[in-house]
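Everything below belongs to work.cif, which stores mmCIF, C-alpha atoms.
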```cif
data_model
#
loop_
_atom_site.label_atom_id
_atom_site.label_comp_id
_atom_site.auth_asym_id
_atom_site.auth_seq_id
_atom_site.Cartn_x
_atom_site.Cartn_y
_atom_site.Cartn_z
CA MET A 9 120.55 -139.60 123.86
CA ASN A 10 120.61 -136.03 122.55
CA ALA A 11 122.62 -136.08 119.32
CA THR A 12 123.18 -132.34 119.06
CA PRO A 13 126.79 -131.27 119.67
CA ILE A 14 127.92 -129.58 122.87
CA VAL A 15 129.47 -126.19 122.12
CA ALA A 16 131.71 -124.31 124.56
CA VAL A 17 130.85 -120.61 124.24
CA THR A 18 133.51 -118.24 125.55
CA MET A 19 132.33 -114.84 126.79
CA GLY A 20 135.16 -112.81 125.23
CA ASP A 21 136.30 -109.49 126.67
CA GLY A 22 133.94 -108.68 129.53
CA ALA A 23 134.20 -104.94 128.85
CA GLY A 24 132.96 -105.37 125.29
CA VAL A 25 129.76 -106.61 123.69
CA GLY A 26 130.61 -110.29 124.22
CA PRO A 27 128.52 -110.88 127.37
CA GLU A 28 125.46 -109.26 125.74
CA ILE A 29 125.53 -111.17 122.48
CA VAL A 30 126.40 -114.44 124.23
CA VAL A 31 123.55 -114.35 126.73
CA GLU A 32 120.99 -113.54 124.04
CA ALA A 33 122.35 -115.93 121.40
CA VAL A 34 122.47 -119.00 123.64
CA MET A 35 118.80 -118.47 124.49
CA SER A 36 117.79 -118.31 120.82
CA PRO A 37 115.45 -121.15 119.77
CA ASP A 38 117.42 -121.41 116.50
CA VAL A 39 120.57 -122.14 118.49
CA ARG A 40 118.93 -124.51 120.96
CA ALA A 41 117.54 -126.52 118.06
CA VAL A 42 121.00 -127.41 116.73
CA CYS A 43 123.38 -127.52 119.72
CA ARG A 44 123.79 -127.57 123.49
CA PRO A 45 125.74 -124.46 124.47
CA VAL A 46 127.74 -124.14 127.68
CA VAL A 47 129.04 -120.65 128.45
CA ILE A 48 132.51 -120.18 129.92
CA GLY A 49 132.77 -116.74 131.49
CA ASP A 50 131.72 -114.73 134.52
CA LEU A 51 128.24 -115.18 135.97
CA GLY A 52 128.04 -111.64 137.38
CA ARG A 53 128.78 -110.08 134.00
CA LEU A 54 126.32 -112.37 132.25
CA ARG A 55 123.60 -111.33 134.73
CA GLN A 56 124.34 -107.68 133.99
CA ALA A 57 124.25 -108.37 130.26
CA ALA A 58 120.92 -110.20 130.53
CA ALA A 59 119.42 -107.23 132.34
CA ILE A 60 120.74 -104.84 129.69
CA ARG A 61 119.28 -106.95 126.89
CA GLY A 62 116.02 -107.64 128.70
CA VAL A 63 116.57 -111.39 128.47
CA ASP A 64 114.71 -113.51 131.02
CA VAL A 65 117.14 -116.29 131.81
CA THR A 66 117.96 -118.78 134.55
CA PHE A 67 121.63 -119.61 135.05
CA ASN A 68 122.95 -122.98 136.16
CA VAL A 69 126.51 -122.72 137.48
CA VAL A 70 128.67 -125.81 136.93
CA GLU A 71 132.27 -126.54 137.85
CA ASP A 72 132.98 -128.32 134.59
CA VAL A 73 131.41 -128.46 131.13
CA ALA A 74 130.68 -132.16 131.66
CA GLU A 75 128.29 -131.25 134.51
CA ALA A 76 125.99 -129.11 132.35
CA GLY A 77 122.31 -130.04 132.53
CA HIS A 78 121.22 -128.68 129.12
CA GLN A 79 117.70 -127.89 130.30
CA ASP A 80 115.26 -125.79 128.30
CA GLY A 81 115.33 -122.12 129.28
CA VAL A 82 118.48 -122.54 131.38
CA VAL A 83 121.98 -121.32 130.53
CA ASP A 84 124.76 -123.57 131.84
CA VAL A 85 127.76 -121.48 132.92
CA VAL A 86 131.27 -122.39 133.99
CA ASP A 87 131.80 -119.32 136.18
CA LEU A 88 135.47 -118.37 136.53
CA GLY A 89 134.64 -115.32 138.65
CA LEU A 90 137.53 -113.21 137.37
CA LEU A 91 135.85 -109.84 136.76
CA PRO A 92 135.08 -107.19 139.39
CA GLU A 93 131.42 -106.29 139.70
CA ASP A 94 132.12 -102.65 138.84
CA LEU A 95 134.15 -103.34 135.66
CA PRO A 96 133.34 -100.42 133.31
CA TRP A 97 131.73 -101.20 129.98
CA GLY A 98 133.65 -100.04 126.91
CA LYS A 99 136.98 -99.41 128.66
CA LEU A 100 140.27 -101.21 128.00
CA SER A 101 141.03 -103.47 130.96
CA PRO A 102 144.01 -105.79 131.58
CA VAL A 103 141.81 -107.75 133.99
CA ALA A 104 139.24 -108.35 131.24
CA GLY A 105 142.05 -109.21 128.81
CA ASP A 106 143.42 -111.87 131.14
CA ALA A 107 139.93 -113.21 131.83
CA ALA A 108 139.24 -113.56 128.10
CA PHE A 109 142.36 -115.72 127.82
CA GLN A 110 141.29 -117.87 130.77
CA TYR A 111 137.88 -118.56 129.19
CA ILE A 112 139.65 -119.80 126.06
CA ARG A 113 142.04 -121.92 128.11
CA VAL A 114 139.16 -123.70 129.82
CA ALA A 115 137.35 -124.23 126.52
CA CYS A 116 140.48 -125.72 124.96
CA ARG A 117 140.88 -128.05 127.93
CA ALA A 118 137.30 -129.26 127.44
CA ALA A 119 137.87 -129.72 123.71
CA THR A 120 141.07 -131.67 124.25
CA ALA A 121 139.28 -133.89 126.76
CA GLY A 122 136.48 -134.55 124.26
CA THR A 123 133.85 -132.95 126.48
CA VAL A 124 132.76 -130.52 123.77
CA GLN A 125 132.54 -130.94 120.01
CA ALA A 126 133.03 -127.29 119.07
CA ILE A 127 134.08 -123.91 120.45
CA CYS A 128 132.33 -120.64 119.67
CA THR A 129 134.07 -117.45 120.79
CA ALA A 130 132.80 -113.95 121.49
CA PRO A 131 135.28 -111.20 120.55
CA LEU A 132 138.32 -110.26 122.58
CA ASN A 133 140.40 -107.09 122.46
CA LYS A 134 144.01 -107.68 121.41
CA GLU A 135 145.36 -104.67 123.32
CA ALA A 136 143.60 -105.80 126.50
CA LEU A 137 144.82 -109.37 125.93
CA HIS A 138 148.41 -108.14 125.69
CA ALA A 139 147.98 -105.86 128.70
CA GLY A 140 146.75 -108.90 130.61
CA GLY A 141 150.02 -110.70 129.91
CA HIS A 142 149.08 -112.85 126.91
CA VAL A 143 150.91 -111.79 123.77
CA PHE A 144 149.09 -113.45 120.88
CA PRO A 145 148.08 -111.84 117.58
CA GLY A 146 144.54 -113.10 118.12
CA HIS A 147 142.22 -116.00 118.88
CA THR A 148 143.53 -118.19 116.06
CA GLU A 149 147.13 -118.32 117.23
CA MET A 150 146.09 -118.67 120.87
CA LEU A 151 143.85 -121.65 120.16
CA ALA A 152 146.57 -123.37 118.14
CA GLU A 153 149.11 -123.05 120.96
CA LEU A 154 146.69 -124.11 123.69
CA MET A 155 145.68 -127.22 121.74
CA GLY A 156 149.20 -128.10 120.67
CA VAL A 157 148.62 -127.61 116.95
CA ASP A 158 151.49 -126.29 114.84
CA GLU A 159 149.42 -124.76 112.07
CA VAL A 160 145.80 -123.74 111.51
CA SER A 161 143.94 -121.59 109.00
CA MET A 162 141.41 -118.80 109.36
CA MET A 163 138.27 -119.10 107.27
CA LEU A 164 135.63 -116.39 106.90
CA SER A 165 132.18 -117.62 105.98
CA THR A 166 129.07 -115.83 104.76
CA ALA A 167 126.02 -117.06 102.89
CA LYS A 168 127.54 -115.71 99.66
CA LEU A 169 131.30 -116.11 100.07
CA LYS A 170 133.79 -118.30 101.92
CA VAL A 171 137.47 -117.38 102.21
CA VAL A 172 140.40 -119.23 103.80
CA HIS A 173 143.69 -117.41 104.41
CA VAL A 174 147.23 -118.58 103.73
CA THR A 175 148.58 -115.87 106.06
CA THR A 176 146.69 -113.66 108.51
CA HIS A 177 148.17 -111.41 111.17
CA LEU A 178 151.36 -110.34 109.43
CA GLY A 179 152.52 -107.16 107.76
CA LEU A 180 152.20 -107.36 103.99
CA ILE A 181 155.95 -107.69 103.32
CA ASP A 182 156.23 -110.44 105.94
CA ALA A 183 153.14 -112.19 104.57
CA VAL A 184 154.57 -112.38 101.05
CA ALA A 185 157.82 -113.74 102.47
CA ARG A 186 155.93 -116.39 104.46
CA ILE A 187 153.96 -117.75 101.48
CA GLU A 188 155.45 -120.92 99.99
CA PRO A 189 154.04 -123.93 98.07
CA GLY A 190 153.71 -126.22 101.09
CA LEU A 191 151.76 -123.65 103.10
CA VAL A 192 149.51 -122.93 100.11
CA GLU A 193 148.82 -126.65 99.65
CA ARG A 194 148.08 -127.24 103.34
CA THR A 195 145.72 -124.26 103.41
CA ILE A 196 143.85 -125.58 100.37
CA ARG A 197 143.55 -128.96 102.06
CA ARG A 198 142.24 -127.51 105.32
CA GLY A 199 139.67 -125.42 103.45
CA ASN A 200 138.60 -128.40 101.37
CA GLU A 201 138.25 -130.58 104.48
CA ALA A 202 136.07 -127.97 106.21
CA LEU A 203 133.67 -127.75 103.25
CA VAL A 204 133.51 -131.52 102.87
CA ARG A 205 132.71 -131.78 106.60
CA ALA A 206 129.93 -129.24 106.08
CA GLY A 207 128.31 -131.44 103.44
CA ASN A 208 129.90 -130.33 100.16
CA PRO A 209 131.63 -133.46 98.82
CA HIS A 210 133.42 -131.72 95.93
CA PRO A 211 134.17 -128.06 96.71
CA ARG A 212 135.28 -125.80 93.86
CA ILE A 213 138.26 -123.81 95.13
CA GLY A 214 139.76 -120.69 93.55
CA VAL A 215 143.26 -119.70 94.66
CA ALA A 216 144.13 -115.99 94.57
CA ALA A 217 147.36 -114.56 93.24
CA ILE A 218 149.55 -112.12 95.16
CA ASN A 219 150.15 -109.57 92.43
CA PRO A 220 147.69 -107.62 90.23
CA HIS A 221 146.52 -109.64 87.22
CA ALA A 222 148.25 -112.70 88.72
CA GLY A 223 151.58 -111.11 87.77
CA GLU A 224 150.66 -110.85 84.07
CA ASN A 225 153.49 -113.15 82.97
CA GLY A 226 156.15 -111.29 84.91
CA LEU A 227 154.93 -107.76 84.26
CA PHE A 228 154.01 -107.28 87.95
CA GLY A 229 156.07 -108.65 90.80
CA TYR A 230 158.97 -111.07 90.68
CA GLY A 231 157.40 -114.35 89.67
CA GLU A 232 155.77 -115.02 93.05
CA GLU A 233 152.79 -116.76 91.46
CA ALA A 234 154.91 -119.36 89.67
CA GLU A 235 157.32 -119.81 92.56
CA LYS A 236 155.11 -119.64 95.66
CA ILE A 237 151.55 -120.54 94.67
CA ALA A 238 151.27 -122.66 91.51
CA PRO A 239 153.20 -125.70 92.86
CA GLY A 240 150.92 -125.84 95.92
CA VAL A 241 147.81 -125.73 93.74
CA GLU A 242 149.20 -128.47 91.51
CA ALA A 243 149.97 -130.70 94.50
CA ALA A 244 146.41 -130.33 95.80
CA ARG A 245 144.97 -131.06 92.36
CA ALA A 246 147.13 -134.18 92.07
CA ASP A 247 145.34 -135.49 95.15
CA GLY A 248 141.90 -134.95 93.63
CA ILE A 249 141.05 -131.53 95.09
CA ASP A 250 139.29 -129.23 92.64
CA ALA A 251 141.55 -126.19 93.07
CA VAL A 252 142.32 -123.64 90.35
CA GLY A 253 144.88 -120.83 90.37
CA PRO A 254 146.65 -118.61 90.96
CA LEU A 255 143.93 -116.30 89.65
CA PRO A 256 143.69 -112.48 89.70
CA ALA A 257 142.14 -111.72 93.10
CA ASP A 258 139.73 -109.02 91.92
CA THR A 259 138.19 -111.28 89.26
CA LEU A 260 138.24 -114.33 91.53
CA PHE A 261 136.17 -112.67 94.25
CA PHE A 262 133.63 -111.54 91.66
CA LEU A 263 133.35 -115.08 90.27
CA ALA A 264 133.07 -116.59 93.75
CA GLY A 265 130.41 -114.06 94.69
CA ARG A 266 128.24 -115.17 91.79
CA GLY A 267 128.70 -118.84 92.67
CA ASP A 268 131.47 -120.12 90.39
CA TYR A 269 133.63 -121.12 93.39
CA ASP A 270 132.69 -122.47 96.81
CA LEU A 271 135.87 -121.22 98.46
CA VAL A 272 138.53 -118.59 97.81
CA VAL A 273 142.06 -119.10 99.11
CA ALA A 274 143.40 -115.62 99.94
CA MET A 275 147.10 -114.98 100.32
CA TYR A 276 146.98 -112.33 103.07
CA HIS A 277 144.67 -110.79 105.65
CA ASP A 278 143.11 -107.83 103.89
CA GLN A 279 142.87 -109.60 100.54
CA GLY A 280 140.36 -111.96 102.14
CA HIS A 281 138.79 -109.79 104.82
CA GLY A 282 137.97 -106.81 102.61
CA PRO A 283 135.52 -108.54 100.25
CA VAL A 284 133.82 -110.38 103.12
CA LYS A 285 133.29 -107.23 105.17
CA VAL A 286 131.87 -105.38 102.17
CA LEU A 287 129.01 -107.89 102.42
CA GLY A 288 128.29 -106.70 105.97
CA ILE A 289 130.26 -107.35 109.12
CA GLU A 290 127.22 -108.88 110.82
CA ALA A 291 126.97 -111.54 108.11
CA GLY A 292 130.43 -113.03 108.58
CA VAL A 293 131.57 -115.91 110.76
CA ASN A 294 135.23 -116.57 111.55
CA ILE A 295 136.13 -120.27 111.51
CA THR A 296 139.42 -121.83 112.60
CA VAL A 297 140.18 -124.98 110.63
CA GLY A 298 142.88 -127.49 111.53
CA LEU A 299 142.13 -127.75 115.28
CA PRO A 300 140.97 -130.98 116.97
CA VAL A 301 137.49 -129.39 117.08
CA ILE A 302 135.83 -126.75 114.97
CA ARG A 303 135.99 -123.19 116.28
CA THR A 304 133.75 -120.39 115.10
CA SER A 305 133.45 -116.76 116.06
CA VAL A 306 131.70 -113.57 115.11
CA ASP A 307 133.59 -111.56 112.51
CA HIS A 308 133.51 -108.31 114.48
CA GLY A 309 135.33 -106.85 117.44
CA THR A 310 134.50 -105.91 121.00
CA ALA A 311 132.69 -102.70 119.92
CA PHE A 312 133.64 -100.76 123.03
CA ASP A 313 131.70 -97.76 121.70
CA ILE A 314 128.36 -99.54 122.20
CA ALA A 315 129.24 -102.06 124.92
CA GLY A 316 126.74 -102.06 127.78
CA THR A 317 124.08 -100.20 125.79
CA GLY A 318 122.12 -103.18 124.46
CA LYS A 319 122.65 -102.04 120.86
CA ALA A 320 124.94 -104.85 119.68
CA ASP A 321 123.54 -107.01 116.88
CA VAL A 322 123.31 -110.64 117.96
CA ALA A 323 122.80 -112.07 114.44
CA SER A 324 126.48 -112.91 113.82
CA MET A 325 126.78 -114.71 117.17
CA ILE A 326 123.72 -116.80 116.39
CA GLU A 327 125.15 -117.64 112.98
CA ALA A 328 128.53 -118.51 114.53
CA LEU A 329 126.81 -120.95 116.88
CA ARG A 330 124.75 -122.40 114.04
CA GLN A 331 127.86 -123.01 111.94
CA ALA A 332 129.71 -124.50 114.92
CA ALA A 333 126.90 -127.01 115.25
CA GLU A 334 126.82 -127.68 111.51
CA LEU A 335 130.55 -128.41 111.29
CA ALA A 336 130.88 -130.36 114.55
CA PRO A 337 130.46 -134.10 115.00
CA THR A 338 127.63 -135.17 117.30
CA SER A 339 128.38 -135.96 120.94
CA GLY A 340 130.36 -139.16 121.30
CA ALA A 341 131.27 -139.33 117.62
CA PRO A 342 134.92 -139.21 116.60
CA SER A 343 136.27 -135.92 115.24
CA PRO A 344 137.10 -135.81 111.54
CA ALA A 345 140.70 -136.29 110.53
CA ARG A 346 142.69 -133.10 110.90
CA VAL A 347 145.04 -131.65 108.29
CA ALA A 348 147.99 -130.15 110.17
#
```

Will you turn the file into structure tokens for me?
Amino acid sequence: MNATPIVAVTMGDGAGVGPEIVVEAVMSPDVRAVCRPVVIGDLGRLRQAAAIRGVDVTFNVVEDVAEAGHQDGVVDVVDLGLLPEDLPWGKLSPVAGDAAFQYIRVACRAATAGTVQAICTAPLNKEALHAGGHVFPGHTEMLAELMGVDEVSMMLSTAKLKVVHVTTHLGLIDAVARIEPGLVERTIRRGNEALVRAGNPHPRIGVAAINPHAGENGLFGYGEEAEKIAPGVEAARADGIDAVGPLPADTLFFLAGRGDYDLVVAMYHDQGHGPVKVLGIEAGVNITVGLPVIRTSVDHGTAFDIAGTGKADVASMIEALRQAAELAPTSGAPSPARVA
């Protein structure tokens, strides 16, 4: 029996670069060597994307992920048929926004049923998603609700730096208000679990402060480090997790970049995203930890400005699929315990 994991690959917003990068990435020998992808999307759009990219591909349409044949040179597709043939590339579309949600819904159903061991998502457009009637801040929150999980964490992963976020899609004032010791501890645990699953038995974790210089003993801020972060770090350490902090964020990212830490715990969205994107947006992979299955995604958007031109870089999608395979259990194996 083939031991490589089955990965549900959602097509993302059909007006963006998702169909292009998906159709090329799932045909990559590097991807086929480590997993068995099944695309959930629209066959017509995938055919258009293959023509744009110059990819010679045979499609096998299946009603359900479980029916996929996983043959060499063939892309298995669950075709939802939601997009009109003349959908413009690079234009905001409520129809494409709704379709992107439906692809995710089907992937979550397959994950909950145990049919797939991981999900890998192409980018969606939040404005189109909302226009299509689905008001979520992004993929992460949508996946959590569809799989019945109360709390998950976003992790960004590159070859040089890994970052997990305590808060994500919140305004800065709201993010600081949301941070509390229990949430910090649970985020540390989810990040630690993900790295252990990936083969690092003892991850070194640095936890960022909120304020400059980690508050400098009360000089900056109102004691948030001592009140909101330190107790969570101490609780994780008491359970054997090698977590240190709160540390000044600017110094911490430098130290992590040179290899002193395997993972940085960032307190808010831009604190974590900024350093990762400085390394190159094509290098990053977005990972959701805390779901019943691993979920990975490219760390870039729908790129409407180049959609339909064949110019989109497929490297991040290939890396997202590779990491999905690396973090997923093999077919038929039980999923790792989830920290929720």

Check your understanding: Which one of A:Val286, A:Leu88, A:Ala264, A:Ala130 sits closest to Ala33 in chain A if you count all atoms listed in the file?
Key ->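 Under the stated criterion, the closest residue is A:Ala130.
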
Point to revise | Atom-to-atom span, CA of Asn133 in chain A and CA of Leu169 in chain A, Å | key: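 Atom-to-atom, CA of Asn133 in chain A to CA of Leu169 in chain A, that is 25.8 Å.
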
Point to revise | Polymer residues at most 10 Å from (128.7, -132.7, 130.5) by all atoms listed in the file, as a PyMOL selection string | key: chain A and resi 14+44+46+70+72-78+118+123-124

Select from range 126-212 of chain A every residue with an atom at most 9 Å from any atom of range 106-109 of chain A, then for each give the shortest pair of atoms and their distance in Å to one decimal, using all atoms listed in the file, rows by chain and rising number, as JSON lines.
```
{"residue": "A:Pro131", "atom": "CA", "partner": "A:Ala108", "partner_atom": "CA", "distance": 8.8}
{"residue": "A:Leu132", "atom": "CA", "partner": "A:Ala108", "partner_atom": "CA", "distance": 6.5}
{"residue": "A:Asn133", "atom": "CA", "partner": "A:Ala108", "partner_atom": "CA", "distance": 8.7}
{"residue": "A:Ala136", "atom": "CA", "partner": "A:Asp106", "partner_atom": "CA", "distance": 7.6}
{"residue": "A:Leu137", "atom": "CA", "partner": "A:Asp106", "partner_atom": "CA", "distance": 5.9}
{"residue": "A:His138", "atom": "CA", "partner": "A:Asp106", "partner_atom": "CA", "distance": 8.3}
{"residue": "A:Ala139", "atom": "CA", "partner": "A:Asp106", "partner_atom": "CA", "distance": 7.9}
{"residue": "A:Gly140", "atom": "CA", "partner": "A:Asp106", "partner_atom": "CA", "distance": 4.5}
{"residue": "A:Gly141", "atom": "CA", "partner": "A:Asp106", "partner_atom": "CA", "distance": 6.8}
{"residue": "A:His142", "atom": "CA", "partner": "A:Asp106", "partner_atom": "CA", "distance": 7.1}
{"residue": "A:His147", "atom": "CA", "partner": "A:Phe109", "partner_atom": "CA", "distance": 8.9}
{"residue": "A:Met150", "atom": "CA", "partner": "A:Phe109", "partner_atom": "CA", "distance": 8.4}
```

**Study point:** Result set, the PyMOL selection byres ((chain A and resi 94) around 12) on current file, as number ranges by chain
**Key:** A: 22-23, 52-53, 56, 90-93, 95-97, 99, 101, 103-104

For the selection you just gave me, I'd like the residues written to a file as a PDB file, keeping the file's coordinate frame, keeping C-alpha atoms.
```pdb
ATOM      1  CA  GLY A  22     133.940-108.680 129.530  1.00  0.00           C
ATOM      2  CA  ALA A  23     134.200-104.940 128.850  1.00  0.00           C
ATOM      3  CA  GLY A  52     128.040-111.640 137.380  1.00  0.00           C
ATOM      4  CA  ARG A  53     128.780-110.080 134.000  1.00  0.00           C
ATOM      5  CA  GLN A  56     124.340-107.680 133.990  1.00  0.00           C
ATOM      6  CA  LEU A  90     137.530-113.210 137.370  1.00  0.00           C
ATOM      7  CA  LEU A  91     135.850-109.840 136.760  1.00  0.00           C
ATOM      8  CA  PRO A  92     135.080-107.190 139.390  1.00  0.00           C
ATOM      9  CA  GLU A  93     131.420-106.290 139.700  1.00  0.00           C
ATOM     10  CA  LEU A  95     134.150-103.340 135.660  1.00  0.00           C
ATOM     11  CA  PRO A  96     133.340-100.420 133.310  1.00  0.00           C
ATOM     12  CA  TRP A  97     131.730-101.200 129.980  1.00  0.00           C
ATOM     13  CA  LYS A  99     136.980 -99.410 128.660  1.00  0.00           C
ATOM     14  CA  SER A 101     141.030-103.470 130.960  1.00  0.00           C
ATOM     15  CA  VAL A 103     141.810-107.750 133.990  1.00  0.00           C
ATOM     16  CA  ALA A 104     139.240-108.350 131.240  1.00  0.00           C
TER      17      ALA A 104
END
```

Review point. Which of these residues is nearest to His210 in chain A, using all atoms listed in the file: A:Asp321, A:Arg198, A:Ser305, A:Ala251?
Key: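 Once distances to His210 in chain A are computed over all atoms listed in the file, the minimum belongs to A:Ala251.
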
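Against the coordinates shown, the PyMOL selection byres ((chain A and resi 317) around 12) returns Ala23, Gly24, Val25, Pro27, Glu28, Ile29, Gln56, Ala57, Ala58, Ala59, Ile60, Arg61, Gly62, Pro96, Trp97, Gly98, Ala311, Phe312, Asp313, Ile314, Ala315, Gly316, Gly318, Lys319, Ala320 and Asp321 of chain A.
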
Point to revise | Residues near Ala323 in chain A, cut-off 12 Å, only C-alpha atoms, skip fewer than 4 positions along chain, as a PyMOL selection string | key: chain A and resi 28-30+32-34+36+38-39+288-293+305-308+319+327-330

Going by the chain IDs and residue numbers used in this file, which residues fall under the PyMOL selection byres ((chain A and resi 269) around 7)? Write them as an mmCIF file with C-alpha atoms, in the frame of the given file.
```cif
data_model
loop_
_atom_site.group_PDB
_atom_site.id
_atom_site.type_symbol
_atom_site.label_atom_id
_atom_site.label_comp_id
_atom_site.auth_asym_id
_atom_site.auth_seq_id
_atom_site.Cartn_x
_atom_site.Cartn_y
_atom_site.Cartn_z
ATOM 1 C CA ARG A 212 135.280 -125.800 93.860
ATOM 2 C CA ILE A 213 138.260 -123.810 95.130
ATOM 3 C CA GLY A 214 139.760 -120.690 93.550
ATOM 4 C CA LEU A 263 133.350 -115.080 90.270
ATOM 5 C CA ALA A 264 133.070 -116.590 93.750
ATOM 6 C CA GLY A 267 128.700 -118.840 92.670
ATOM 7 C CA ASP A 268 131.470 -120.120 90.390
ATOM 8 C CA ASP A 270 132.690 -122.470 96.810
ATOM 9 C CA LEU A 271 135.870 -121.220 98.460
#
```

Practice item. May I ask which of the residues A:Leu227, A:Ala243, A:Val297, A:Ile218 is the closest one to Glu193 in chain A, counting all atoms listed in the file? Key: A:Ala243

Practice item. Choose the residue, out of A:Ile187, A:Val63, A:Val17, A:Val114, that has the smallest atom-to-atom separation from Glu235 in chain A; count all atoms listed in the file. Key: A:Ile187

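Candidate residues A:Val86, A:Ile237, A:Leu151, A:Val273 were compared for distance to Gly298 in chain A, and the nearest is A:Leu151, using all atoms listed in the file.
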
Check your understanding: Which of these residues is nearest to Ala217 in chain A, using all atoms listed in the file: A:Leu335, A:Cys43, A:Ala234, A:Cys128?
Key ->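 Residue with the minimum atom-to-atom distance to Ala217 in chain A: A:Ala234.
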